[in-house]
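S.K.: Handing over final01.cif, mmCIF, C-alpha atoms.
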data_structure
#
loop_
_atom_site.label_atom_id
_atom_site.label_comp_id
_atom_site.auth_asym_id
_atom_site.auth_seq_id
_atom_site.Cartn_x
_atom_site.Cartn_y
_atom_site.Cartn_z
CA MET A 26 -2.28 -17.73 11.30
CA SER A 27 -5.84 -17.90 12.65
CA ALA A 28 -8.82 -18.11 10.30
CA GLN A 29 -10.00 -14.68 11.48
CA ALA A 30 -6.65 -13.02 10.76
CA LEU A 31 -6.51 -14.69 7.33
CA ALA A 32 -10.05 -13.50 6.53
CA LEU A 33 -9.07 -9.93 7.45
CA VAL A 34 -6.05 -10.11 5.15
CA LEU A 35 -8.08 -11.50 2.23
CA LEU A 36 -10.70 -8.76 2.52
CA ALA A 37 -7.97 -6.15 2.79
CA GLY A 38 -6.39 -7.51 -0.40
CA LEU A 39 -9.59 -7.07 -2.38
CA VAL A 40 -10.13 -3.52 -1.15
CA HIS A 41 -6.46 -2.64 -1.68
CA ALA A 42 -6.40 -3.85 -5.28
CA GLY A 43 -9.57 -1.87 -5.98
CA TRP A 44 -8.30 1.49 -4.80
CA ASN A 45 -4.96 1.01 -6.59
CA ILE A 46 -6.82 0.53 -9.87
CA VAL A 47 -8.67 3.79 -9.24
CA ALA A 48 -5.40 5.57 -8.40
CA LYS A 49 -3.81 4.29 -11.61
CA GLN A 50 -6.76 5.49 -13.69
CA SER A 51 -6.61 8.94 -12.05
CA GLY A 52 -3.01 9.53 -13.19
CA GLY A 53 -2.33 11.80 -10.20
CA ASP A 54 0.85 13.02 -8.53
CA ALA A 55 1.67 14.35 -5.04
CA ARG A 56 -1.32 16.70 -5.27
CA PHE A 57 -3.61 13.70 -5.75
CA ALA A 58 -2.05 12.29 -2.60
CA PHE A 59 -2.89 15.58 -0.85
CA PHE A 60 -6.51 15.44 -2.05
CA THR A 61 -6.75 11.89 -0.76
CA SER A 62 -5.38 12.81 2.67
CA VAL A 63 -7.69 15.81 3.09
CA LEU A 64 -10.77 13.83 2.10
CA MET A 65 -9.64 11.01 4.37
CA ALA A 66 -9.32 13.39 7.32
CA LEU A 67 -12.84 14.74 6.71
CA ALA A 68 -14.55 11.43 6.00
CA TRP A 69 -13.09 9.63 9.01
CA ALA A 70 -13.17 12.58 11.44
CA PRO A 71 -16.12 11.31 13.57
CA LEU A 72 -14.43 7.96 14.14
CA GLY A 73 -11.05 9.58 14.75
CA LEU A 74 -12.47 12.01 17.31
CA TRP A 75 -14.44 9.29 19.06
CA LEU A 76 -11.42 7.02 19.43
CA GLY A 77 -8.95 9.80 20.16
CA TRP A 78 -10.94 11.61 22.84
CA GLN A 79 -9.73 9.33 25.62
CA ALA A 80 -6.74 7.59 24.04
CA LEU A 81 -4.59 10.51 22.83
CA PRO A 82 -3.91 12.08 26.27
CA HIS A 83 -2.30 8.79 27.32
CA TRP A 84 0.04 8.48 24.35
CA ASP A 85 3.71 8.88 25.24
CA ALA A 86 6.67 10.09 23.19
CA ALA A 87 7.20 6.65 21.65
CA ALA A 88 3.62 6.57 20.37
CA TRP A 89 3.88 10.01 18.78
CA ALA A 90 7.26 9.14 17.28
CA CYS A 91 5.64 6.12 15.60
CA VAL A 92 2.83 8.33 14.28
CA ALA A 93 5.33 10.81 12.81
CA ALA A 94 7.48 8.08 11.27
CA SER A 95 4.42 6.30 9.88
CA GLY A 96 3.08 9.50 8.31
CA LEU A 97 6.39 10.28 6.61
CA LEU A 98 6.86 6.74 5.29
CA HIS A 99 3.29 6.60 3.97
CA VAL A 100 3.85 9.86 2.05
CA LEU A 101 7.04 8.50 0.47
CA TYR A 102 5.24 5.27 -0.38
CA TYR A 103 2.17 6.88 -1.95
CA VAL A 104 4.01 9.55 -3.96
CA THR A 105 6.45 6.94 -5.30
CA LEU A 106 3.59 4.60 -6.19
CA LEU A 107 1.68 7.33 -8.04
CA ARG A 108 4.82 8.27 -9.96
CA GLY A 109 5.28 4.65 -10.97
CA TYR A 110 1.67 4.44 -12.18
CA ARG A 111 2.21 7.47 -14.42
CA VAL A 112 5.25 6.01 -16.18
CA ALA A 113 4.57 2.24 -16.19
CA ASP A 114 1.85 -0.43 -16.11
CA LEU A 115 -0.04 -1.26 -12.93
CA THR A 116 0.61 -4.96 -13.50
CA VAL A 117 4.36 -4.30 -13.31
CA VAL A 118 4.57 -1.65 -10.57
CA TYR A 119 1.93 -3.08 -8.23
CA PRO A 120 3.20 -6.69 -8.11
CA LEU A 121 6.81 -5.64 -7.59
CA ALA A 122 5.84 -3.18 -4.88
CA ARG A 123 3.64 -5.68 -3.08
CA GLY A 124 6.13 -8.51 -3.48
CA SER A 125 9.36 -6.82 -2.42
CA GLY A 126 7.81 -5.00 0.53
CA PRO A 127 6.57 -8.07 2.43
CA LEU A 128 9.76 -9.98 1.74
CA LEU A 129 11.82 -7.21 3.33
CA SER A 130 9.41 -6.73 6.25
CA SER A 131 9.42 -10.46 6.97
CA LEU A 132 13.21 -10.48 7.03
CA VAL A 133 13.22 -7.55 9.45
CA ALA A 134 10.57 -9.20 11.63
CA VAL A 135 12.63 -12.38 11.85
CA THR A 136 16.06 -10.79 12.31
CA LEU A 137 15.19 -7.80 14.53
CA LEU A 138 11.87 -8.61 16.21
CA GLY A 139 12.65 -12.22 17.04
CA GLU A 140 9.76 -13.83 15.13
CA ARG A 141 10.17 -17.36 13.74
CA LEU A 142 9.01 -18.91 10.48
CA SER A 143 7.93 -22.52 10.13
CA PRO A 144 9.21 -24.38 7.02
CA LEU A 145 5.71 -24.28 5.51
CA ALA A 146 5.39 -20.54 6.12
CA ALA A 147 8.82 -19.99 4.56
CA ALA A 148 7.71 -21.99 1.51
CA GLY A 149 4.59 -19.80 1.39
CA ILE A 150 6.72 -16.67 1.26
CA GLY A 151 8.71 -18.19 -1.61
CA ALA A 152 5.52 -18.99 -3.51
CA VAL A 153 4.23 -15.45 -3.02
CA VAL A 154 7.46 -13.96 -4.33
CA LEU A 155 7.47 -16.32 -7.35
CA GLY A 156 3.85 -15.46 -8.09
CA VAL A 157 4.57 -11.74 -7.95
CA PHE A 158 7.44 -12.21 -10.41
CA LEU A 159 5.19 -14.11 -12.84
CA ILE A 160 2.40 -11.55 -12.62
CA ALA A 161 4.89 -8.79 -13.35
CA GLY A 162 5.82 -10.54 -16.60
CA GLY A 163 8.08 -13.43 -15.62
CA PRO A 164 11.13 -14.06 -17.81
CA ARG A 165 9.85 -11.45 -20.28
CA LEU A 166 10.92 -8.76 -17.84
CA LEU A 167 14.54 -9.80 -18.34
CA ARG A 168 14.56 -10.12 -22.14
CA ARG A 169 12.33 -7.35 -23.50
CA ARG A 170 14.59 -6.31 -26.40
CA ASP A 171 12.15 -6.04 -29.29
CA ASP A 172 10.72 -2.63 -28.38
CA PRO A 173 13.04 -0.01 -26.79
CA GLN A 174 10.09 2.07 -25.60
CA ALA A 175 8.42 -0.94 -23.98
CA ARG A 176 11.72 -1.98 -22.43
CA ALA A 177 12.19 1.49 -20.95
CA ARG A 178 8.65 1.39 -19.58
CA VAL A 179 9.26 -1.95 -17.90
CA ARG A 180 12.56 -0.67 -16.50
CA GLN A 181 10.76 2.33 -15.00
CA GLY A 182 8.17 -0.02 -13.54
CA LEU A 183 10.91 -2.14 -11.97
CA ARG A 184 12.59 0.91 -10.46
CA TYR A 185 9.48 2.47 -8.97
CA GLY A 186 7.98 -0.86 -7.95
CA LEU A 187 11.06 -1.89 -5.97
CA LEU A 188 11.43 1.55 -4.37
CA THR A 189 7.77 1.46 -3.37
CA GLY A 190 8.42 -1.94 -1.83
CA VAL A 191 11.16 -0.45 0.35
CA TRP A 192 8.70 2.12 1.72
CA ILE A 193 6.07 -0.59 2.24
CA ALA A 194 8.53 -2.68 4.24
CA SER A 195 9.49 0.35 6.31
CA TYR A 196 6.01 1.48 7.26
CA THR A 197 4.86 -2.10 7.84
CA VAL A 198 7.55 -2.62 10.47
CA VAL A 199 6.90 0.77 12.14
CA ASP A 200 3.12 0.33 12.19
CA GLY A 201 3.36 -3.31 13.24
CA TYR A 202 5.54 -2.28 16.18
CA ALA A 203 3.06 0.45 17.14
CA VAL A 204 -0.02 -1.79 17.20
CA ARG A 205 1.59 -4.91 18.69
CA TRP A 206 4.21 -3.64 21.12
CA LEU A 207 2.79 -0.19 22.00
CA ALA A 208 -0.84 -1.43 21.77
CA LEU A 209 -1.99 1.61 19.78
CA SER A 210 -5.38 1.50 18.10
CA PRO A 211 -4.86 0.58 14.41
CA ILE A 212 -7.60 2.99 13.37
CA LEU A 213 -6.23 5.86 15.45
CA LEU A 214 -2.66 5.24 14.32
CA ASP A 215 -3.67 5.51 10.68
CA TYR A 216 -5.93 8.52 11.26
CA MET A 217 -3.36 10.55 13.20
CA GLY A 218 -0.65 9.58 10.73
CA ASN A 219 -2.87 11.03 8.02
CA TRP A 220 -2.56 14.50 9.60
CA VAL A 221 1.20 14.15 9.30
CA ARG A 222 0.71 13.35 5.61
CA ILE A 223 -1.42 16.46 5.12
CA GLY A 224 1.25 18.66 6.71
CA LEU A 225 3.99 17.21 4.52
CA LEU A 226 1.99 17.49 1.28
CA LEU A 227 0.47 20.94 1.89
CA PRO A 228 3.47 22.91 0.52
CA VAL A 229 3.26 20.93 -2.73
CA ALA A 230 -0.43 21.72 -3.11
CA LEU A 231 0.09 25.44 -2.41
CA ARG A 232 3.03 25.83 -4.79
CA ASP A 233 0.73 26.38 -7.80
CA ARG A 234 -2.78 26.96 -6.51
CA ALA A 235 -4.36 27.41 -9.95
CA ALA A 236 -2.99 24.08 -11.18
CA THR A 237 -4.00 22.39 -7.92
CA ALA A 238 -7.56 23.70 -8.28
CA GLN A 239 -7.73 22.46 -11.86
CA LEU A 240 -6.49 19.02 -10.85
CA TRP A 241 -8.99 18.93 -7.99
CA ARG A 242 -11.91 19.38 -10.41
CA ARG A 243 -10.66 16.43 -12.48
CA GLN A 244 -9.49 14.08 -9.75
CA TRP A 245 -11.67 14.57 -6.67
CA ARG A 246 -13.86 11.55 -7.41
CA GLY A 247 -10.91 9.18 -7.65
CA ALA A 248 -9.35 10.75 -4.55
CA LEU A 249 -12.61 10.22 -2.65
CA VAL A 250 -12.68 6.52 -3.54
CA VAL A 251 -9.10 6.10 -2.35
CA ALA A 252 -9.81 8.14 0.80
CA LEU A 253 -12.72 5.89 1.74
CA CYS A 254 -11.18 2.55 0.79
CA SER A 255 -7.48 2.90 1.58
CA PRO A 256 -7.87 3.23 5.38
CA VAL A 257 -10.27 0.29 5.45
CA ALA A 258 -7.77 -1.94 3.65
CA TYR A 259 -4.84 -0.99 5.85
CA VAL A 260 -6.69 -0.99 9.16
CA LEU A 261 -7.88 -4.53 8.40
CA VAL A 262 -4.22 -5.49 8.01
CA LEU A 263 -3.28 -3.75 11.27
CA PHE A 264 -6.01 -5.68 13.11
CA ALA A 265 -4.62 -8.87 11.58
CA MET A 266 -1.18 -7.90 12.90
CA GLN A 267 -2.62 -7.87 16.40
CA GLN A 268 -3.71 -11.50 15.97
CA ALA A 269 -0.84 -13.04 13.99
CA PRO A 270 2.94 -12.54 13.56
CA LEU A 271 4.05 -9.72 11.27
CA SER A 272 6.24 -12.15 9.31
CA LEU A 273 3.06 -14.02 8.26
CA VAL A 274 0.63 -11.11 7.81
CA ALA A 275 2.92 -9.08 5.56
CA PRO A 276 3.39 -11.74 2.84
CA ALA A 277 -0.24 -12.89 3.05
CA ARG A 278 -1.32 -9.40 1.96
CA GLU A 279 -0.07 -10.32 -1.49
CA VAL A 280 -3.35 -12.06 -2.24
CA SER A 281 -4.28 -8.63 -3.60
CA MET A 282 -2.16 -9.63 -6.62
CA LEU A 283 -4.78 -12.20 -7.54
CA PHE A 284 -7.46 -9.51 -7.58
CA ALA A 285 -5.24 -7.03 -9.43
CA ALA A 286 -4.37 -9.60 -12.11
CA LEU A 287 -7.96 -10.64 -12.74
CA ILE A 288 -9.71 -7.27 -12.32
CA GLY A 289 -7.05 -4.64 -13.04
CA GLY A 290 -5.60 -6.45 -16.04
CA GLN A 291 -9.06 -6.66 -17.60
CA LEU A 292 -10.07 -3.04 -16.90
CA LEU A 293 -6.74 -1.55 -18.00
CA GLY A 294 -6.25 -3.85 -21.01
CA GLU A 295 -2.83 -5.12 -19.89
CA GLY A 296 -1.91 -8.47 -21.43
CA ASP A 297 0.08 -11.63 -20.58
CA ARG A 298 -3.05 -13.11 -19.01
CA GLY A 299 -1.80 -16.72 -18.89
CA VAL A 300 1.46 -15.92 -17.09
CA ARG A 301 -0.30 -13.62 -14.67
CA VAL A 302 -2.97 -16.18 -13.85
CA ALA A 303 -0.17 -18.65 -13.11
CA GLY A 304 1.35 -16.05 -10.82
CA ALA A 305 -1.99 -15.54 -9.09
CA LEU A 306 -2.22 -19.29 -8.46
CA CYS A 307 1.26 -19.25 -6.91
CA ILE A 308 0.19 -16.45 -4.63
CA ALA A 309 -2.98 -18.30 -3.63
CA ALA A 310 -0.87 -21.35 -2.77
CA GLY A 311 1.52 -19.17 -0.81
CA VAL A 312 -1.30 -17.60 1.18
CA ALA A 313 -2.70 -21.06 1.96
CA ALA A 314 0.74 -22.19 3.17
CA LEU A 315 0.99 -19.12 5.37
CA GLY A 316 -2.43 -19.82 6.83
CA LEU A 317 -1.53 -23.43 7.60
CA GLY A 318 2.01 -22.65 8.75
#
Could you write out this structure as structure tokens?
M.R.:
Amino acid sequence: MSAQALALVLLAGLVHAGWNIVAKQSGGDARFAFFTSVLMALAWAPLGLWLGWQALPHWDAAAWACVAASGLLHVLYYVTLLRGYRVADLTVVYPLARGSGPLLSSLVAVTLLGERLSPLAAAGIGAVVLGVFLIAGGPRLLRRRDDPQARARVRQGLRYGLLTGVWIASYTVVDGYAVRWLALSPILLDYMGNWVRIGLLLPVALRDRAATAQLWRRQWRGALVVALCSPVAYVLVLFAMQQAPLSLVAPAREVSMLFAALIGGQLLGEGDRGVRVAGALCIAAGVAALGLG
């Protein structure tokens, strides 16, 4: 992986961890996802129009199919993630989501897209996965028997974290194919996919308009932060995908775990600091191995 691609991934990890902390604090559901998408469409409209004015007329059916698939998968990912944040800790859901997703996408990239991993890069993936496991609680995840309520909360975190990882792996492969093999603009792919997200989430927002309006008054600030930061984080990753293999970019994104452990754990008061710092160090080593491999 080139130094430029690695720098893009590191910056994306910091931004990504930041907006996830805000989303966790907001405690939103699918309507929060709708608020985010609407604000995203408005905030990034000038850039979307400027890029799309000449590019969109040349998109073929394959390009639009990727946009539709990307929009659907991003909705499933975001709604599942928000649900997990409402029922479990960020430092359980987020690491499992970020760790399982890249592992699956790397396997798909190697088996279906013909990419190859060097031994050092493979070791880096292993270190990232180990670090994610430690940040999520390590062996404690498997033997939490002292508190039934805490055990149930961890179990919910495992369920939603792993399911979120499946959606992450799915949209990473679709979007990676779109920007590398179809040569679509990363910014335009994300912006047009956002309109698909709005269409899918609109019925949920209109189901109870009074409740939606009440939630808007409480959550619009958090939704605005996510709307401004989320596209930046992901577009940085898409640009990195244009410069380096998907099987390396996807796991390297997990450097966001380091930021989530050190910043999110402190802000949200979630414990196990020593184990999670050890996990962050594993992830840092894994990212370095990916960069060198």
S.K.: Could you state the separation of atom CA of A:Leu213 and atom CA of A:Gly139 in Å, given to one decimal place?
M.R.: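 Distance between the two atoms: 26.2 Å.
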S.K.: What is the atom CA of A:Ala248 to atom CA of A:Phe57 distance in Å?
M.R.: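 Going from atom CA of A:Ala248 over to atom CA of A:Phe57 covers 6.6 Å.
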S.K.: Measure the distance from atom CA of A:Leu273 to atom CA of A:Ala313 in Å and round it to one decimal.
M.R.: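 Atom CA of A:Ala313 lies at a distance of 11.1 Å from atom CA of A:Leu273.
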S.K.: Would you list the contacts of A:His99 as an MDAnalysis selection string, taking every protein, DNA or RNA residue within 8 Å and counting all atoms listed in the file, but skipping same-chain residues closer than 3 positions in sequence?
M.R.: chainID A and resid 95:96 102:103 192:193 196 222
S.K.: Using the chain letters and numbers from this file, what does the PyMOL selection byres ((chain A and resi 179) around 8) select? Give the answer as number ranges by chain.
M.R.: A: 113-114, 117, 166, 175-178, 180-183
S.K.: Neighbours of A:Leu263 within 8 Å (all atoms listed in the file; same-chain residues fewer than 4 positions away dropped), as a ChimeraX atom specification?
M.R.: /A:200-201,204,211,259,267
S.K.: Env of A:Leu64: 9 Å cut, atoms = only C-alpha atoms, seq-sep filter 3 positions within chain, self excluded. Answer as number ranges by chain.
M.R.: A: 59-61, 67-69, 245, 248-249, 252-253
S.K.: Starting from the PyMOL selection byres ((chain A and resi 190) around 6), expand the selection into actual residues of this file and give them as a list in words.
M.R.: Ala122, Ser125, Gly126, Leu187, Leu188, Thr189, Val191, Trp192 and Ile193 of chain A
S.K.: What's around A:Ala37 at 9 Å? Count all atoms listed in the file, leave out sequence neighbours fewer than 6 positions away in its own chain, and write the answer as a VMD selection string.
M.R.: chain A and resid 257 to 262 278 281
S.K.: Using all atoms listed in the file, can you tell me which of A:Pro120, A:Gly186, A:Gly156, A:Gly52 comes closest to A:Val312?
M.R.: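 Of the candidates, the smallest distance to A:Val312 is held by A:Gly156.
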S.K.: My list of candidates is A:Ala55, A:Leu137, A:Val300, A:Leu81. Which is closest to A:Thr116 when distances are computed with only C-alpha atoms?
M.R.: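 Of the candidates, the smallest distance to A:Thr116 is held by A:Val300.
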S.K.: Pick the closest to A:Ile212 from A:Val34, A:Arg141, A:Leu72, A:Ser62: which is it, counting all atoms listed in the file?
M.R.: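 Of all the options, A:Leu72 lies closest to A:Ile212.
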S.K.: Find the spatial neighbours of A:Asp54, counting only C-alpha atoms, within a cut-off of 9 Å - ignore same-chain residues fewer than 6 positions away - and output them as number ranges by chain.
M.R.: A: 104-105, 107-108, 111
S.K.: Mind dumping the selected residues with C-alpha atoms as a PDB file, keeping the file's coordinate frame?
M.R.:
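So result_6.pdb came out as:
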ATOM      1  CA  VAL A 104       4.010   9.550  -3.960  1.00  0.00           C
ATOM      2  CA  THR A 105       6.450   6.940  -5.300  1.00  0.00           C
ATOM      3  CA  LEU A 107       1.680   7.330  -8.040  1.00  0.00           C
ATOM      4  CA  ARG A 108       4.820   8.270  -9.960  1.00  0.00           C
ATOM      5  CA  ARG A 111       2.210   7.470 -14.420  1.00  0.00           C
TER       6      ARG A 111
END
S.K.: Measuring between all atoms listed in the file, which one of A:Leu231, A:Leu35, A:Met26, A:Ala87 shows the shortest distance to A:Pro270?
M.R.: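 Closest to A:Pro270, using all atoms listed in the file: A:Met26.
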S.K.: Using all atoms listed in the file, find the one residue out of A:Lys49, A:Arg123, A:His41, A:Arg56 that sits nearest to A:Asp233.
M.R.: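 The answer is A:Arg56, which sits nearest to A:Asp233.
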S.K.: So which residues are close to (-7.7, -14.0, 11.8), meaning at most 10 Å away in the file's coordinates with only C-alpha atoms counted, and can you show them as a VMD selection string?
M.R.: chain A and resid 26 to 35 262 264 to 269 274 316
S.K.: Any chance you could work out the residue set of the PyMOL selection byres ((chain A and resi 91) around 12) here, as an NGL selection string?
M.R.: :A and (84-90 or 92-99 or 195-204 or 206-209 or 211 or 213-215 or 217-218 or 221)
S.K.: Nearest to A:Arg301 among A:Val157, A:Leu271, A:Val280, A:Cys254, with distances taken over all atoms listed in the file: which residue is it?
M.R.: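 The shortest atom-to-atom distance to A:Arg301 comes from A:Val157.
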